[in-house]
Each structure stands twice: as structure tokens, then as C-alpha cells.
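What's in final_11.pdb: PDB, C-alpha atoms
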ATOM      1  CA  MET A   1      88.844 105.665  65.526
ATOM      2  CA  THR A   2      85.463 107.033  66.518
ATOM      3  CA  GLU A   3      84.030 107.134  70.011
ATOM      4  CA  ALA A   4      81.309 104.695  68.915
ATOM      5  CA  LEU A   5      83.988 102.042  68.394
ATOM      6  CA  THR A   6      85.513 102.643  71.806
ATOM      7  CA  ARG A   7      83.908 100.713  74.651
ATOM      8  CA  HIS A   8      84.030 101.744  78.291
ATOM      9  CA  LEU A   9      83.181  99.514  81.218
ATOM     10  CA  GLN A  10      83.021 101.516  84.435
ATOM     11  CA  VAL A  11      84.629  99.433  87.139
ATOM     12  CA  VAL A  12      83.303 100.227  90.590
ATOM     13  CA  PRO A  13      84.586  98.141  93.501
ATOM     14  CA  GLY A  14      81.670  96.403  95.214
ATOM     15  CA  ARG A  15      83.059  96.427  98.740
ATOM     16  CA  ASN A  16      81.570  97.964 101.853
ATOM     17  CA  GLY A  17      83.138 101.229 102.962
ATOM     18  CA  VAL A  18      85.434 101.597 105.959
ATOM     19  CA  ASP A  19      83.881 102.715 109.253
ATOM     20  CA  MET A  20      86.598 105.224 110.135
ATOM     21  CA  ALA A  21      85.380 105.954 113.683
ATOM     22  CA  ALA A  22      85.264 102.243 114.525
ATOM     23  CA  ALA A  23      88.696 101.710 112.928
ATOM     24  CA  GLU A  24      90.195 104.530 115.006
ATOM     25  CA  ARG A  25      88.718 103.068 118.211
ATOM     26  CA  ALA A  26      90.093  99.653 117.304
ATOM     27  CA  VAL A  27      93.607 101.045 116.770
ATOM     28  CA  ALA A  28      93.442 102.859 120.113
ATOM     29  CA  ASP A  29      92.324  99.611 121.781
ATOM     30  CA  LEU A  30      95.176  97.734 120.087
ATOM     31  CA  LEU A  31      97.705 100.261 121.375
ATOM     32  CA  VAL A  32      96.368  99.790 124.909
ATOM     33  CA  ALA A  33      96.475  95.987 124.489
ATOM     34  CA  LEU A  34     100.126  96.305 123.402
ATOM     35  CA  GLY A  35     100.939  98.234 126.571
ATOM     36  CA  ARG A  36     101.061 101.678 124.948
ATOM     37  CA  ASP A  37      99.226 104.830 125.982
ATOM     38  CA  PRO A  38      97.325 106.289 122.994
ATOM     39  CA  ASP A  39      96.892 109.584 124.866
ATOM     40  CA  THR A  40     100.584 110.500 124.832
ATOM     41  CA  GLU A  41     101.668 113.348 122.565
ATOM     42  CA  HIS A  42     103.398 111.043 120.088
ATOM     43  CA  LEU A  43     100.532 108.511 119.840
ATOM     44  CA  ALA A  44      97.535 110.841 120.155
ATOM     45  CA  ASP A  45      96.936 111.015 116.398
ATOM     46  CA  THR A  46      98.126 107.487 115.611
ATOM     47  CA  PRO A  47      94.657 105.863 115.617
ATOM     48  CA  ARG A  48      93.444 108.346 112.977
ATOM     49  CA  ARG A  49      96.564 107.968 110.850
ATOM     50  CA  VAL A  50      96.500 104.154 110.989
ATOM     51  CA  ALA A  51      92.777 104.006 110.178
ATOM     52  CA  HIS A  52      93.273 106.276 107.162
ATOM     53  CA  ALA A  53      96.313 104.304 106.000
ATOM     54  CA  TYR A  54      94.422 101.004 106.072
ATOM     55  CA  ALA A  55      91.395 102.583 104.390
ATOM     56  CA  GLU A  56      93.644 103.779 101.562
ATOM     57  CA  MET A  57      95.351 100.412 101.191
ATOM     58  CA  LEU A  58      92.016  98.566 101.116
ATOM     59  CA  THR A  59      90.077 100.863  98.746
ATOM     60  CA  PRO A  60      90.677 100.514  94.994
ATOM     61  CA  ARG A  61      89.931 103.465  92.753
ATOM     62  CA  GLU A  62      87.102 103.438  90.226
ATOM     63  CA  PHE A  63      88.183 103.364  86.584
ATOM     64  CA  ASP A  64      86.893 102.882  83.061
ATOM     65  CA  LEU A  65      88.058  99.739  81.297
ATOM     66  CA  THR A  66      88.603 101.147  77.824
ATOM     67  CA  THR A  67      88.774  98.760  74.861
ATOM     68  CA  PHE A  68      89.164  99.387  71.130
ATOM     69  CA  PRO A  69      88.485  97.280  68.034
ATOM     70  CA  ASN A  70      91.436  95.148  66.979
ATOM     71  CA  ASP A  71      91.203  96.515  63.431
ATOM     72  CA  GLU A  72      94.686  95.355  62.455
ATOM     73  CA  GLY A  73      93.990  91.808  63.616
ATOM     74  CA  TYR A  74      96.989  91.864  65.949
ATOM     75  CA  ASP A  75      97.367  88.329  67.301
ATOM     76  CA  GLU A  76     100.682  88.378  69.137
ATOM     77  CA  LEU A  77     101.264  88.703  72.845
ATOM     78  CA  VAL A  78     100.739  92.068  74.548
ATOM     79  CA  LEU A  79     102.639  92.211  77.834
ATOM     80  CA  ALA A  80     103.023  94.862  80.535
ATOM     81  CA  ARG A  81     106.012  94.037  82.739
ATOM     82  CA  ASP A  82     106.931  95.208  86.207
ATOM     83  CA  ILE A  83     103.571  96.683  87.199
ATOM     84  CA  PRO A  84     104.032  97.719  90.855
ATOM     85  CA  VAL A  85     101.805  95.697  93.161
ATOM     86  CA  GLN A  86     101.209  96.112  96.881
ATOM     87  CA  SER A  87      98.634  94.441  99.029
ATOM     88  CA  LEU A  88      97.952  93.305 102.589
ATOM     89  CA  CYS A  89      98.375  89.710 103.740
ATOM     90  CA  GLU A  90      95.019  88.628 105.121
ATOM     91  CA  HIS A  91      96.704  86.434 107.743
ATOM     92  CA  HIS A  92      98.820  89.113 109.453
ATOM     93  CA  MET A  93      97.590  92.382 107.884
ATOM     94  CA  LEU A  94     101.174  93.177 106.920
ATOM     95  CA  PRO A  95     102.052  94.394 103.415
ATOM     96  CA  PHE A  96     103.429  92.369 100.570
ATOM     97  CA  HIS A  97     104.840  94.152  97.554
ATOM     98  CA  GLY A  98     106.547  93.467  94.261
ATOM     99  CA  VAL A  99     105.716  93.453  90.569
ATOM    100  CA  ALA A 100     103.118  91.905  88.288
ATOM    101  CA  HIS A 101     103.634  90.886  84.662
ATOM    102  CA  VAL A 102     100.316  90.795  82.808
ATOM    103  CA  GLY A 103      99.874  89.700  79.209
ATOM    104  CA  TYR A 104      97.112  88.735  76.817
ATOM    105  CA  LEU A 105      96.585  87.446  73.292
ATOM    106  CA  PRO A 106      94.084  89.869  71.718
ATOM    107  CA  GLY A 107      90.774  88.725  70.343
ATOM    108  CA  ALA A 108      88.310  91.123  68.716
ATOM    109  CA  ARG A 109      89.298  93.978  71.036
ATOM    110  CA  ILE A 110      92.452  95.467  72.513
ATOM    111  CA  LEU A 111      92.821  97.157  75.860
ATOM    112  CA  GLY A 112      94.096 100.585  76.881
ATOM    113  CA  LEU A 113      97.473  99.563  78.349
ATOM    114  CA  SER A 114      97.181 101.516  81.601
ATOM    115  CA  LYS A 115      94.123  99.415  82.417
ATOM    116  CA  LEU A 116      96.263  96.337  83.041
ATOM    117  CA  ALA A 117      97.762  98.134  86.033
ATOM    118  CA  ARG A 118      94.294  99.293  87.118
ATOM    119  CA  VAL A 119      93.003  95.705  87.161
ATOM    120  CA  VAL A 120      95.971  94.610  89.280
ATOM    121  CA  GLU A 121      95.189  97.415  91.737
ATOM    122  CA  LEU A 122      91.480  96.524  91.758
ATOM    123  CA  PHE A 123      92.244  93.190  93.409
ATOM    124  CA  ALA A 124      95.451  94.130  95.254
ATOM    125  CA  ARG A 125      93.765  96.750  97.424
ATOM    126  CA  ASP A 126      92.199  94.160  99.676
ATOM    127  CA  LEU A 127      93.129  91.651 102.346
ATOM    128  CA  GLN A 128      94.727  89.061 100.102
ATOM    129  CA  VAL A 129      96.841  86.011  99.531
ATOM    130  CA  GLN A 130      99.123  86.211  96.513
ATOM    131  CA  GLU A 131      97.756  83.050  94.915
ATOM    132  CA  ARG A 132      94.181  84.371  94.903
ATOM    133  CA  LEU A 133      95.254  87.813  93.691
ATOM    134  CA  THR A 134      97.080  86.308  90.708
ATOM    135  CA  LYS A 135      94.099  84.161  89.737
ATOM    136  CA  GLN A 136      91.563  86.986  90.176
ATOM    137  CA  VAL A 137      93.442  89.294  87.788
ATOM    138  CA  ALA A 138      93.686  86.586  85.108
ATOM    139  CA  GLU A 139      90.058  85.489  85.387
ATOM    140  CA  TRP A 140      88.727  89.061  85.397
ATOM    141  CA  LEU A 141      90.628  89.968  82.213
ATOM    142  CA  GLN A 142      89.550  86.752  80.485
ATOM    143  CA  ARG A 143      85.916  87.396  81.366
ATOM    144  CA  HIS A 144      85.750  91.114  80.486
ATOM    145  CA  LEU A 145      88.171  91.335  77.538
ATOM    146  CA  ALA A 146      87.485  87.926  75.926
ATOM    147  CA  PRO A 147      91.047  87.519  74.590
ATOM    148  CA  HIS A 148      92.491  84.284  73.215
ATOM    149  CA  GLY A 149      94.519  83.958  76.392
ATOM    150  CA  VAL A 150      95.710  85.731  79.546
ATOM    151  CA  GLY A 151      98.833  85.298  81.642
ATOM    152  CA  VAL A 152      99.646  86.828  85.022
ATOM    153  CA  VAL A 153     102.827  86.427  87.056
ATOM    154  CA  ILE A 154     103.309  88.159  90.396
ATOM    155  CA  GLU A 155     106.646  88.308  92.218
ATOM    156  CA  ALA A 156     106.387  89.707  95.742
ATOM    157  CA  GLU A 157     108.129  89.944  99.086
ATOM    158  CA  HIS A 158     105.882  89.356 102.098
ATOM    159  CA  LEU A 159     106.706  91.355 105.224
ATOM    160  CA  CYS A 160     104.972  88.699 107.336
ATOM    161  CA  MET A 161     107.823  86.427 106.209
ATOM    162  CA  SER A 162     110.707  88.914 106.184
ATOM    163  CA  LEU A 163     109.993  90.926 109.372
ATOM    164  CA  ARG A 164     108.676  88.171 111.644
ATOM    165  CA  GLY A 165     108.665  84.388 111.910
ATOM    166  CA  VAL A 166     111.451  82.985 109.743
ATOM    167  CA  ARG A 167     112.704  86.549 108.966
ATOM    168  CA  ALA A 168     113.798  85.586 105.467
ATOM    169  CA  ALA A 169     114.384  89.112 104.159
ATOM    170  CA  GLY A 170     114.591  89.419 100.388
ATOM    171  CA  THR A 171     112.702  86.201  99.673
ATOM    172  CA  ARG A 172     110.294  86.643  96.770
ATOM    173  CA  THR A 173     107.270  84.467  96.129
ATOM    174  CA  VAL A 174     106.319  83.861  92.480
ATOM    175  CA  THR A 175     102.793  82.895  91.426
ATOM    176  CA  SER A 176     101.258  82.495  87.984
ATOM    177  CA  ALA A 177      97.815  82.093  86.455
ATOM    178  CA  LEU A 178      97.149  81.245  82.811
ATOM    179  CA  GLN A 179      93.945  81.248  80.781
ATOM    180  CA  GLY A 180      93.090  80.167  77.229
ATOM    181  CA  LEU A 181      95.926  79.607  74.753
ATOM    182  CA  LEU A 182      98.552  80.729  77.237
ATOM    183  CA  ARG A 183      97.575  77.720  79.314
ATOM    184  CA  GLU A 184      96.805  75.240  76.529
ATOM    185  CA  ASP A 185      99.520  75.938  73.939
ATOM    186  CA  PRO A 186     103.086  75.139  75.122
ATOM    187  CA  ARG A 187     104.733  77.598  72.680
ATOM    188  CA  SER A 188     102.463  80.478  73.701
ATOM    189  CA  ARG A 189     102.987  79.644  77.354
ATOM    190  CA  GLN A 190     106.778  79.555  76.939
ATOM    191  CA  GLU A 191     106.754  82.869  75.052
ATOM    192  CA  PHE A 192     104.759  84.506  77.849
ATOM    193  CA  PHE A 193     107.111  83.290  80.582
ATOM    194  CA  ALA A 194     110.185  84.254  78.531
ATOM    195  CA  LEU A 195     108.939  87.793  77.897
ATOM    196  CA  ALA A 196     107.884  88.107  81.531
ATOM    197  CA  GLY A 197     111.439  87.143  82.509
ATOM    198  CA  VAL A 198     110.383  84.024  84.393
ATOM    199  CA  ASN A 199     112.080  80.650  83.923
ATOM    200  CA  ALA A 200     109.250  78.173  83.353
TER     201      ALA A 200
END
Show how you would write the structure in this file as C-alpha cells.
Amino acid sequence: MTEALTRHLQVVPGRNGVDMAAAERAVADLLVALGRDPDTEHLADTPRRVAHAYAEMLTPREFDLTTFPNDEGYDELVLARDIPVQSLCEHHMLPFHGVAHVGYLPGARILGLSKLARVVELFARDLQVQERLTKQVAEWLQRHLAPHGVGVVIEAEHLCMSLRGVRAAGTRTVTSALQGLLREDPRSRQEFFALAGVNA
């Protein structure tokens, strides 16, 4: 396969950068508001560490979306299971984490498999709700890859539910988003859910 047949789409997140100095001040102010002294030996570096941690969790990495011609005319489901996913709940700014199962029915082009995980990360590194995250991954792949169908299932535990409030530790939320034939054709849809290990 020649380089001319390989297509690269450079994916650059279009978000504003993090103002680290302002983030550090905000963490120090939060510590004071919570009755803690940010000038003690143990907390002195906490504002910097917290600001950097949130910046990392909210900043996706750039990547090239690499596609190749589907020369063999492969028309069966391609599925990557158990892609690690972690994000931040936009309501409490606490993490949620779990796995994503992402599949597609190839059209004229096939995708470098590692890119499925990259697309999940692209949208997960943000303040999110799981429903939106699931839909964004599916719609982005449908738009940029033009397959015959896309399916995304995310299973995640939300710390805002397990550490506070109802404190239902171990509870996993499952969301799905389907595009194209995986939405329209019952057999294709059932195959996707079966291979993803989800009872539909």
C-alpha cells in the first residue's frame, strides 16, 4: 500500500488552553473556603498539583486519523472492545471511568485501529456527561470515516454517584449511540451488541 493511498486527518482539539496561574489561585481559594490552610507544608504545593491534574484530564492529545483504502471490500463489523475511558462529570467535576466498545461497518476506507481509542479520548478529556460523550464519538466517526454504520457503547462508574449522594459504589451506567446500518438494520444492531457483550 503506497503512502498516496493512505489518508491522514490531523485532529487538533479546538479548545481554549488552561490558565494555570488562575487555576492555581482558584484551588488555593477553594482550600481556604473549605477551612484548610494552603500555606501549610502538606498543602503548599497542592494548588499547583491540582491545576496540573485538571489540565491533563481536560486536554486531549493531537493525533492523525489514518485511513486506508478498503481494497478487499471488507464489509463485516470491526469492533474494538474495552477501550479504557475516563472523563470528568461536568456537574461535580469528579471522574467517571470505565470502558468503551466502538465498532463500525467499513465503507470505502478502513481505519487504523488505535485511532478508535484516540477518538474516544478526544471527547472524554473534557467536562462531560456520558450520554453526550457516547453520541459525540459515534457522530464524529460517521462524519469523518463515512462508514456504513457506527456503534458506540460506554460502560462507566461515576464517582459523583459512588462517593457522594446515594453512594452506590460499583454501579455502572451503560449508554449507546448507533449510526447508519447499525441503527437501521436489526440484525446488524444485534450483532454489534452481542460482540460488544451488551444484552440489547
- request: Select, from A:Asp29, A:Asp185, A:Glu72, A:Glu131, the residue with the minimum atom-to-atom distance to Val150 of chain A, counting all atoms listed in the file.
  value: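 Distance minimum relative to Val150 of chain A lands on A:Asp185.
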field: Test item: residues at most 6 Å from segment 77-85 of chain A, all atoms listed in the file, excluding those fewer than 5 positions along its chain, as number ranges by chain
entry: A: 97-105
- prompt: Can you list, as JSON, numbers by chain, every protein, DNA or RNA residue that comes within 7 Å of His8 of chain A when you count only C-alpha atoms, leaving out same-chain residues fewer than 5 positions away?
  reply: {"A": [64, 65, 66, 67]}
field: A:Thr171, A:Thr40, A:Thr46, A:Asn70 ranked by distance to Phe96 of chain A, top pick (using only C-alpha atoms)
entry: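 Under the stated criterion, the closest residue is A:Thr171.
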- request: For Ala124 of chain A, list every protein, DNA or RNA residue within 12 Å, evaluated using only C-alpha atoms, and leave out those in the same chain fewer than 6 positions away; present the list as a PyMOL selection string.
  value: chain A and resi 13+56-61+83-90+95-100+117-118+130-137+154+156
statement: Shortest contact to Arg109 of chain A, candidates A:Ser162, A:Gln142, A:Gln10, A:Ser188, atoms counted all atoms listed in the file, goes to A:Gln142
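Here atom CA of Glu157 of chain A and atom CA of Thr173 of chain A stand 6.3 Å from one another.
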- prompt: Given the choices A:Cys160, A:Val27, A:Met93, A:Ala146, which gets closest to Leu181 of chain A if the distance is worked out from all atoms listed in the file?
  reply: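 Smallest separation from Leu181 of chain A among the options: A:Ala146.
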statement: In Å and to one decimal, atom CA of Glu155 of chain A is distant from atom CA of Thr175 of chain A by 6.7 Å
Return as JSON the centre and edge lengths, in Å with one decimal, of the box along x, y and z that encloses every atom of segment 61-67 of chain A in the file, padded by 3 Å per side.
{"center_x": 88.4, "center_y": 101.1, "center_z": 83.8, "size_x": 9.0, "size_y": 10.7, "size_z": 23.9}
message: Please determine, counting all atoms listed in the file, which residue among A:Leu43, A:Ala23, A:Leu127, A:Leu94 has the shortest atom-to-atom distance to Leu163 of chain A.
response: A:Leu94
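Distances here use all atoms listed in the file; by that measure, the residue among A:Val152, A:Leu30, A:Ala169, A:Ala108 closest to Phe68 of chain A is A:Ala108.
The space separating atom CA of Gly107 of chain A from atom CA of Leu9 of chain A comes to 17.1 Å.
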- prompt: Hey, what comes out of the PyMOL selection byres ((chain A and resi 51) around 8) on this file? Could you write it as a list in words?
  reply: Met20, Ala23, Glu24, Val27, Pro47, Arg48, Arg49, Val50, His52, Ala53, Tyr54 and Ala55 of chain A
message: Can you spell out as a list in words the set of residues that the PyMOL selection byres ((chain A and resi 189-191) around 10) selects in the structure I just provided?
response: Leu77, Gly149, Val150, Gly151, Leu178, Gln179, Gly180, Leu181, Leu182, Arg183, Glu184, Asp185, Pro186, Arg187, Ser188, Phe192, Phe193, Ala194, Leu195, Ala196, Gly197, Val198, Asn199 and Ala200 of chain A
- prompt: Using only C-alpha atoms, which residues sit within 8 Å of Val119 of chain A once same-chain residues fewer than 4 positions away are excluded, as a PyMOL selection string?
  reply: chain A and resi 115+123+137+141
